[in-house]
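Colleague: The structure is given below, and queries will be raised subsequently.
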Amino acid sequence: MAERIGSSASSGRTESQSAALYATAQQWIPDGVSRATLLRRPNPIYVDHGKGAWVTDVDGNRYLDCNNNFTSIIVGHANPAIAEAVGAQLARGTAFALASNVEIELASLLCDRVESFELIRFCNSGTEAVMGALKAARAFTGRPNVIKVEGAYHGTYDHAEASLASDPTNWGDAAAPATVPYASGTPDSVIEEVGIIHFNDADGARAAIERQGDRLAAVLLDVMPSQVGLPTIEPEFVAAVREATREVGALLVLDEVISFRLGYSGAQTLLGIEPDITAVAKIIGGGFPVGGVAGREGPMSTFARTGGSRAKVPSGGTFTANPITMAAGLATMNQLDRAAFARLDEMGEAVRSGLRSAIERAGVDWQVTGRGSLFKVHPHTRHIRNYRNAHLSSDEAAEVERFEHAIQAGGVYLSGGGFGSLSLAMTDDDIAHLLAAAAAALADSAS
Ligand SMILES: Cc1ncc(COP(=O)(O)O)c(C=O)c1O
């Protein structure tokens, strides 16, 4: 197969292999893929293989992978240390209804790194981790309700996805954001149990928490939510959420499914936040399905049996903490020392400042947000403090989609919505490639 950097083959020409596979897939799979986020116009791209920072599709097009399986790949594809660890485990068996030592090794590594992780329990996805965290919060407090941020994505658990895609037609008054079901068929009872706040609205958060009072189990918070535009969190907001939850006896549940890649001990340590429970996933599985609920001994004890009776929150599944995932996670986390995070930060700074220069040179009204190894471009200059500032009009959304097609044609694969992430496999030449492709795509937008 002849390979080339970037191409419009997968995104434009109907005769591409990706287009043909997609046509076949739709005979068997609703919408052709089991994962909505892979859908692109006119068809998803079908992968052939990935190596380091690059992926190659079935048409031979090569892309610098700034999607990284939606931020979960942090040391690159086919990483030798992960391949060795997984290979060794594969030869010894993949999944058993027997406990394994490697689970303990990953658990102790994570608990050693993060002060609030006194105990951790694994699962198989970030969705499950958020669900487990909320169930533990409810069991621990004996209360039903949850508060979350408008527009924030936390996976597909009913309560966690409320108001994920609110829009001006249904999001309600700024002073009283509405709880909007995401999936059709969400029970009314779920909607009644979820309160919505704006990101960075300290007063609004405090008022909502106090209003719910002894009905509130937890506030669920991602410190840098991608669907809210990767905004910078304001210290007053976090402080208000932390203080008010303590005052009413509710828990603070942090969703670090993505933000755990921001630092050696997670974003919570960088920002000085003290959560009761944290949901983690993505990078801790080294490219395999994973999730984890970690936190203080009190709420985490809801997962443990007491006096021979069943746990308050029974948890586990057929593939929970399977040794392949645990081995891959351990091999990844062992590579993520402080120097690795410094390198990711340095590359992230170079990307964000390079994108800002490219925007200036193109003369377009765009902006860049992000931190560490995360970045996002926006086709407007509104100050992004919350979901409503970040929310794109249909014209703006079309502009981002055009940008993504153009940068993809230039050999860079982003995550959708102008969102991207970096991996340690990237070199300075790769960063230069990303910036050159972005500059060309922005110049297209200007013309
Ligand atoms: C912040 C956040 N929470 C939770 C999830 C759900 O994780 P998973 O896709 O592993 O279920 C995601 C997934 O992208 C996420 O970004």
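Please note that chains go A, B, ... in the order of the structure tokens, that every chain numbers its residues from 1, and that ligands are numbered from 1 in the order shown.
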Could you please extract the residues within 10 Å of ligand 1, counting only C-alpha atoms and all ligand atoms, and hand them back as an MDAnalysis selection string?

Modeller: chainID A and resid 35 37 69:72 123:131 152:157 160:161 221:227 254:260 279:283 285 288:292

Colleague: Save out the residues we just selected, N, CA and C atoms, as a compact mmCIF listing (two decimals), in the first residue's frame.

Modeller:
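Now in selection_26.txt:
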# COMPACT_ATOMS: atom_id res chain seq x y z
N ARG A 35 -19.43 3.64 17.80
CA ARG A 35 -18.92 4.75 18.58
C ARG A 35 -19.24 6.05 17.85
N THR A 37 -18.60 9.08 18.18
CA THR A 37 -17.59 10.12 17.97
C THR A 37 -16.66 9.83 16.80
N ASN A 69 -6.88 8.52 20.42
CA ASN A 69 -8.05 7.82 20.96
C ASN A 69 -8.69 8.66 22.06
N PHE A 70 -9.04 9.88 21.65
CA PHE A 70 -9.69 10.84 22.56
C PHE A 70 -8.92 10.98 23.88
N THR A 71 -7.62 11.26 23.73
CA THR A 71 -6.69 11.61 24.82
C THR A 71 -6.17 10.42 25.63
N SER A 72 -6.60 9.20 25.28
CA SER A 72 -6.20 8.08 26.14
C SER A 72 -4.80 7.55 25.82
N CYS A 123 -12.48 -0.33 37.05
CA CYS A 123 -13.61 -0.74 36.21
C CYS A 123 -13.13 -0.64 34.75
N ASN A 124 -14.05 -0.63 33.79
CA ASN A 124 -13.59 -0.74 32.40
C ASN A 124 -13.78 0.48 31.51
N SER A 125 -14.28 1.58 32.07
CA SER A 125 -14.42 2.78 31.25
C SER A 125 -14.59 4.00 32.15
N GLY A 126 -14.44 5.15 31.55
CA GLY A 126 -14.66 6.39 32.28
C GLY A 126 -16.13 6.55 32.64
N THR A 127 -17.01 6.10 31.75
CA THR A 127 -18.44 6.14 32.05
C THR A 127 -18.74 5.38 33.33
N GLU A 128 -18.19 4.18 33.41
CA GLU A 128 -18.40 3.34 34.60
C GLU A 128 -17.77 3.98 35.84
N ALA A 129 -16.62 4.63 35.64
CA ALA A 129 -15.94 5.26 36.78
C ALA A 129 -16.80 6.39 37.35
N VAL A 130 -17.36 7.21 36.45
CA VAL A 130 -18.23 8.31 36.91
C VAL A 130 -19.47 7.74 37.59
N MET A 131 -20.05 6.71 36.97
CA MET A 131 -21.23 6.08 37.57
C MET A 131 -20.89 5.53 38.97
N ALA A 152 -20.86 19.88 30.22
CA ALA A 152 -19.71 19.02 30.51
C ALA A 152 -20.02 17.56 30.16
N TYR A 153 -19.06 16.91 29.49
CA TYR A 153 -19.21 15.50 29.13
C TYR A 153 -18.56 14.63 30.20
N HIS A 154 -19.32 13.65 30.68
CA HIS A 154 -18.78 12.74 31.69
C HIS A 154 -19.08 11.29 31.32
N GLY A 155 -19.26 10.99 30.04
CA GLY A 155 -19.64 9.64 29.65
C GLY A 155 -21.14 9.51 29.54
N THR A 156 -21.64 8.27 29.47
CA THR A 156 -23.03 8.07 29.05
C THR A 156 -23.95 7.54 30.16
N TYR A 157 -23.53 7.65 31.41
CA TYR A 157 -24.44 7.32 32.53
C TYR A 157 -25.55 8.39 32.57
N ALA A 160 -25.09 11.63 34.50
CA ALA A 160 -23.89 12.38 34.11
C ALA A 160 -24.03 13.05 32.75
N GLU A 161 -24.96 12.57 31.92
CA GLU A 161 -25.05 13.17 30.59
C GLU A 161 -26.15 14.25 30.49
N LEU A 221 -17.50 17.36 38.86
CA LEU A 221 -16.78 18.47 38.23
C LEU A 221 -15.55 17.98 37.46
N ASP A 222 -15.43 18.44 36.22
CA ASP A 222 -14.19 18.27 35.44
C ASP A 222 -13.54 19.65 35.42
N VAL A 223 -12.27 19.73 35.78
CA VAL A 223 -11.65 21.06 35.91
C VAL A 223 -11.33 21.70 34.56
N MET A 224 -11.33 20.92 33.50
CA MET A 224 -11.07 21.48 32.17
C MET A 224 -11.93 20.76 31.14
N PRO A 225 -13.25 20.98 31.20
CA PRO A 225 -14.14 20.20 30.34
C PRO A 225 -14.00 20.55 28.86
N SER A 226 -13.77 19.54 28.05
CA SER A 226 -13.50 19.80 26.62
C SER A 226 -14.71 20.38 25.91
N GLN A 227 -15.92 19.89 26.25
CA GLN A 227 -17.12 20.40 25.56
C GLN A 227 -17.50 21.81 26.02
N LEU A 254 -14.50 14.61 41.46
CA LEU A 254 -13.79 15.15 40.30
C LEU A 254 -13.77 14.11 39.19
N ASP A 255 -14.02 14.57 37.98
CA ASP A 255 -13.86 13.71 36.81
C ASP A 255 -12.50 14.03 36.20
N GLU A 256 -11.51 13.16 36.46
CA GLU A 256 -10.17 13.35 35.90
C GLU A 256 -9.91 12.36 34.76
N VAL A 257 -10.98 11.98 34.10
CA VAL A 257 -10.83 11.00 33.02
C VAL A 257 -9.88 11.54 31.94
N ILE A 258 -10.01 12.82 31.61
CA ILE A 258 -9.04 13.44 30.69
C ILE A 258 -7.96 14.19 31.46
N SER A 259 -8.36 14.95 32.47
CA SER A 259 -7.41 15.90 33.08
C SER A 259 -6.30 15.21 33.86
N PHE A 260 -6.40 13.91 34.07
CA PHE A 260 -5.31 13.20 34.76
C PHE A 260 -4.02 13.26 33.93
N ALA A 279 -12.91 10.19 39.52
CA ALA A 279 -13.05 9.18 38.46
C ALA A 279 -11.86 9.33 37.53
N VAL A 280 -11.15 8.23 37.25
CA VAL A 280 -10.04 8.25 36.31
C VAL A 280 -10.30 7.19 35.23
N ALA A 281 -9.57 7.30 34.13
CA ALA A 281 -9.71 6.32 33.04
C ALA A 281 -8.63 6.62 32.00
N LYS A 282 -8.91 6.36 30.74
CA LYS A 282 -8.04 6.72 29.61
C LYS A 282 -6.57 6.35 29.82
N ILE A 283 -5.70 7.32 30.19
CA ILE A 283 -4.24 7.03 30.14
C ILE A 283 -3.84 5.90 31.09
N GLY A 285 -4.94 3.09 31.45
CA GLY A 285 -5.10 1.75 30.88
C GLY A 285 -4.15 1.47 29.73
N PHE A 288 -5.89 0.27 26.65
CA PHE A 288 -6.91 -0.78 26.83
C PHE A 288 -8.08 -0.20 27.63
N PRO A 289 -9.27 -0.85 27.55
CA PRO A 289 -10.44 -0.29 28.24
C PRO A 289 -10.21 -0.25 29.75
N VAL A 290 -10.46 0.91 30.34
CA VAL A 290 -10.17 1.05 31.77
C VAL A 290 -10.97 2.17 32.41
N GLY A 291 -11.16 2.05 33.70
CA GLY A 291 -11.68 3.14 34.53
C GLY A 291 -11.26 2.86 35.95
N GLY A 292 -11.39 3.87 36.79
CA GLY A 292 -11.07 3.67 38.20
C GLY A 292 -11.79 4.71 39.04

Colleague: Using DSSP assignments from the backbone, pull out every residue in stretch 183-356 of chain A that falls under helix (DSSP H, G or I) and give it to me as a PyMOL selection string.

Modeller: chain A and resi 188-192+202-215+226-228+235-248+259-262+266-271+282-285+297-303+323-333+338-356

Colleague: One decimal, in Å: what's the spacing between atom CA of A:Ile74 and atom CA of A:Ala36?

Modeller: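 Interatomic distance here is 22.2 Å.
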
Colleague: When you draw a straight line from atom CA of A:Ile359 to atom CA of A:Leu374, how long is it in Å?

Modeller: 17.6 Å

Colleague: Return the single residue from A:Val248, A:Ile191, A:Ser315, A:Ser421 that is closest to A:Leu434, with distances computed using only C-alpha atoms.

Modeller: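 When distances to A:Leu434 are compared using only C-alpha atoms, the smallest one comes from A:Ser421.
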
Colleague: Rank A:Leu90, A:Ala25, A:Ala137, A:Val377 by their smallest atom-to-atom distance to A:Ser301, using only C-alpha atoms, and report the top residue only.

Modeller: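 Counting only C-alpha atoms, the residue closest to A:Ser301 is A:Ala137.
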
Colleague: A:Phe237: which residues within 10 Å, counting only C-alpha atoms, same-chain residues fewer than 4 positions away excluded, as a ChimeraX atom specification?

Modeller: /A:198-206,233,241-243

Colleague: Would you please work out which residue, of A:Thr24, A:Thr245, A:Thr369, A:Ser7, is nearest to A:Asp276 when using only C-alpha atoms?

Modeller: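 Nearest candidate to A:Asp276 out of A:Thr24, A:Thr245, A:Thr369, A:Ser7: A:Thr245.
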
Colleague: Excluding same-chain residues fewer than 3 positions from stretch 311-313 of chain A, what lies within 7 Å of it counting only C-alpha atoms, as a list of chain:residue names?

Modeller: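 Residues near the query, excluding close chain neighbours: A:Lys135, A:Ala136, A:Ala139, A:Thr302, A:Phe303, A:Ala304, A:Arg305, A:Thr306.
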
Colleague: Can you write just those residues out, N, CA and C atoms, as a PDB file, in the first residue's frame?

Modeller:
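And here is the file that came out, again_29.pdb:
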ATOM      1  N   LYS A 135     -22.504   6.644  42.490  1.00  0.00           N
ATOM      2  CA  LYS A 135     -23.188   5.659  43.339  1.00  0.00           C
ATOM      3  C   LYS A 135     -22.566   5.635  44.734  1.00  0.00           C
ATOM      4  N   ALA A 136     -21.239   5.731  44.783  1.00  0.00           N
ATOM      5  CA  ALA A 136     -20.561   5.738  46.084  1.00  0.00           C
ATOM      6  C   ALA A 136     -20.961   6.995  46.871  1.00  0.00           C
ATOM      7  N   ALA A 139     -24.446   6.445  48.169  1.00  0.00           N
ATOM      8  CA  ALA A 139     -24.476   5.445  49.255  1.00  0.00           C
ATOM      9  C   ALA A 139     -23.864   6.027  50.528  1.00  0.00           C
ATOM     10  N   THR A 302     -17.603   2.305  50.754  1.00  0.00           N
ATOM     11  CA  THR A 302     -18.917   1.829  50.290  1.00  0.00           C
ATOM     12  C   THR A 302     -18.770   0.660  49.321  1.00  0.00           C
ATOM     13  N   PHE A 303     -17.545   0.499  48.748  1.00  0.00           N
ATOM     14  CA  PHE A 303     -17.313  -0.626  47.830  1.00  0.00           C
ATOM     15  C   PHE A 303     -16.904  -1.897  48.569  1.00  0.00           C
ATOM     16  N   ALA A 304     -16.681  -1.780  49.888  1.00  0.00           N
ATOM     17  CA  ALA A 304     -16.183  -2.944  50.648  1.00  0.00           C
ATOM     18  C   ALA A 304     -17.305  -3.576  51.460  1.00  0.00           C
ATOM     19  N   ARG A 305     -17.224  -4.883  51.621  1.00  0.00           N
ATOM     20  CA  ARG A 305     -18.202  -5.558  52.475  1.00  0.00           C
ATOM     21  C   ARG A 305     -17.950  -5.157  53.922  1.00  0.00           C
ATOM     22  N   THR A 306     -19.018  -5.097  54.689  1.00  0.00           N
ATOM     23  CA  THR A 306     -18.813  -4.834  56.114  1.00  0.00           C
ATOM     24  C   THR A 306     -19.432  -5.980  56.898  1.00  0.00           C
TER      25      THR A 306
END

Colleague: Hey, which of A:Tyr387, A:Tyr63, A:Trp366, A:Phe140 ends up closest to A:Ala446? Count only C-alpha atoms.

Modeller: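 When distances to A:Ala446 are compared using only C-alpha atoms, the smallest one comes from A:Trp366.
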
Colleague: I want to know what sits within 8 Å of A:Thr94, based on only C-alpha atoms, with residues of the same chain fewer than 4 positions away left out; could you give that as a list of chain:residue names?

Modeller: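 Selected residues are A:Gln89, A:Leu90, A:Asn322, A:Pro323, A:Ile324.
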
Colleague: Counting only C-alpha atoms, figure out which residue out of A:Val114, A:Leu220, A:Val75, A:Ala88 gets nearest to A:Ala294.

Modeller: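 Closest candidate: A:Val114.
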
Colleague: In terms of the shortest atom-to-atom distance over only C-alpha atoms, which of A:Leu230, A:Ala340, A:Val364, A:Leu21 is closest to A:Arg385?

Modeller: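 The shortest atom-to-atom distance to A:Arg385 comes from A:Leu230.
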
Colleague: Can you list, as number ranges by chain, every protein, DNA or RNA residue that comes within 10 Å of A:Leu392 when you count only C-alpha atoms, leaving out same-chain residues fewer than 2 positions away?

Modeller: A: 167, 229, 378-380, 387-390, 394-400, 417

Colleague: Just write the chosen residues, N, CA, C and O atoms, as a short mmCIF file (atom, residue, chain, number, x, y, z; two decimals), in the first residue's frame.

Modeller:
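The resulting file, again.cif, is shown below:
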data_model
loop_
_atom_site.label_atom_id
_atom_site.label_comp_id
_atom_site.auth_asym_id
_atom_site.auth_seq_id
_atom_site.Cartn_x
_atom_site.Cartn_y
_atom_site.Cartn_z
N ASP A 167 -28.88 23.68 24.30
CA ASP A 167 -28.66 24.74 23.31
C ASP A 167 -29.60 25.89 23.62
O ASP A 167 -30.46 25.77 24.50
N GLY A 229 -15.19 23.96 26.15
CA GLY A 229 -14.20 24.78 25.45
C GLY A 229 -12.80 24.74 26.03
O GLY A 229 -11.98 25.60 25.73
N HIS A 378 -10.99 27.77 18.53
CA HIS A 378 -12.38 28.25 18.49
C HIS A 378 -12.49 29.35 17.43
O HIS A 378 -11.66 30.26 17.42
N PRO A 379 -13.54 29.31 16.61
CA PRO A 379 -13.65 30.30 15.54
C PRO A 379 -14.36 31.58 16.00
O PRO A 379 -15.26 32.09 15.32
N HIS A 380 -13.97 32.08 17.16
CA HIS A 380 -14.53 33.34 17.68
C HIS A 380 -13.60 33.83 18.77
O HIS A 380 -12.70 33.11 19.20
N TYR A 387 -19.99 27.13 29.21
CA TYR A 387 -20.54 26.48 28.01
C TYR A 387 -21.25 27.48 27.09
O TYR A 387 -21.14 27.39 25.87
N ARG A 388 -21.94 28.43 27.70
CA ARG A 388 -22.70 29.36 26.85
C ARG A 388 -21.78 30.26 26.04
O ARG A 388 -22.10 30.62 24.90
N ASN A 389 -20.63 30.66 26.63
CA ASN A 389 -19.67 31.46 25.84
C ASN A 389 -19.03 30.61 24.75
O ASN A 389 -18.67 31.11 23.68
N ALA A 390 -18.83 29.33 25.07
CA ALA A 390 -18.10 28.46 24.13
C ALA A 390 -19.01 27.91 23.03
O ALA A 390 -18.53 27.51 21.97
N SER A 394 -24.38 27.67 14.37
CA SER A 394 -24.22 26.65 13.32
C SER A 394 -23.17 27.11 12.30
O SER A 394 -22.42 26.28 11.77
N ASP A 395 -23.05 28.42 12.05
CA ASP A 395 -22.00 28.89 11.12
C ASP A 395 -20.62 28.63 11.70
O ASP A 395 -19.70 28.19 11.00
N GLU A 396 -20.48 28.88 13.00
CA GLU A 396 -19.17 28.64 13.63
C GLU A 396 -18.82 27.15 13.62
O GLU A 396 -17.68 26.77 13.38
N ALA A 397 -19.84 26.32 13.90
CA ALA A 397 -19.59 24.86 13.90
C ALA A 397 -19.16 24.42 12.50
O ALA A 397 -18.25 23.58 12.35
N ALA A 398 -19.76 25.01 11.47
CA ALA A 398 -19.38 24.66 10.09
C ALA A 398 -17.95 25.11 9.81
O ALA A 398 -17.19 24.42 9.12
N GLU A 399 -17.56 26.25 10.38
CA GLU A 399 -16.18 26.74 10.18
C GLU A 399 -15.17 25.77 10.80
O GLU A 399 -14.12 25.48 10.23
N VAL A 400 -15.50 25.28 12.01
CA VAL A 400 -14.59 24.33 12.67
C VAL A 400 -14.50 23.04 11.85
O VAL A 400 -13.42 22.48 11.67
N GLY A 417 -14.49 19.20 16.90
CA GLY A 417 -14.69 20.45 17.63
C GLY A 417 -13.39 21.24 17.80
O GLY A 417 -13.29 22.10 18.68
#

Colleague: Hey, what's within 7 Å of stretch 350-357 of chain A if we count only C-alpha atoms and toss same-chain stuff fewer than 5 positions away? As a PDB file with N, CA, C and O atoms, in the first residue's frame, please?

Modeller:
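Below is the file that was written, around-v4.pdb:
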ATOM      1  N   GLN A 367      -9.375  31.767  18.404  1.00  0.00           N
ATOM      2  CA  GLN A 367      -8.577  31.736  19.624  1.00  0.00           C
ATOM      3  C   GLN A 367      -8.245  30.294  20.001  1.00  0.00           C
ATOM      4  O   GLN A 367      -8.814  29.341  19.442  1.00  0.00           O
ATOM      5  N   VAL A 368      -7.319  30.172  20.930  1.00  0.00           N
ATOM      6  CA  VAL A 368      -6.852  28.853  21.374  1.00  0.00           C
ATOM      7  C   VAL A 368      -6.988  28.776  22.889  1.00  0.00           C
ATOM      8  O   VAL A 368      -6.642  29.730  23.590  1.00  0.00           O
ATOM      9  N   PHE A 375      -5.228  21.066  23.710  1.00  0.00           N
ATOM     10  CA  PHE A 375      -5.482  22.357  23.065  1.00  0.00           C
ATOM     11  C   PHE A 375      -6.809  22.302  22.310  1.00  0.00           C
ATOM     12  O   PHE A 375      -7.287  21.224  21.943  1.00  0.00           O
ATOM     13  N   ILE A 431       5.619  18.479  15.864  1.00  0.00           N
ATOM     14  CA  ILE A 431       4.938  19.711  16.286  1.00  0.00           C
ATOM     15  C   ILE A 431       4.990  20.734  15.146  1.00  0.00           C
ATOM     16  O   ILE A 431       3.998  21.422  14.855  1.00  0.00           O
ATOM     17  N   LEU A 435       1.793  22.479  13.260  1.00  0.00           N
ATOM     18  CA  LEU A 435       1.600  23.929  13.134  1.00  0.00           C
ATOM     19  C   LEU A 435       1.517  24.359  11.668  1.00  0.00           C
ATOM     20  O   LEU A 435       0.727  25.245  11.324  1.00  0.00           O
TER      21      LEU A 435
END

Colleague: Report, in Å to a single decimal, how far apart atom CA of A:Leu271 and atom CA of A:Gly418 are.

Modeller: 24.9 Å
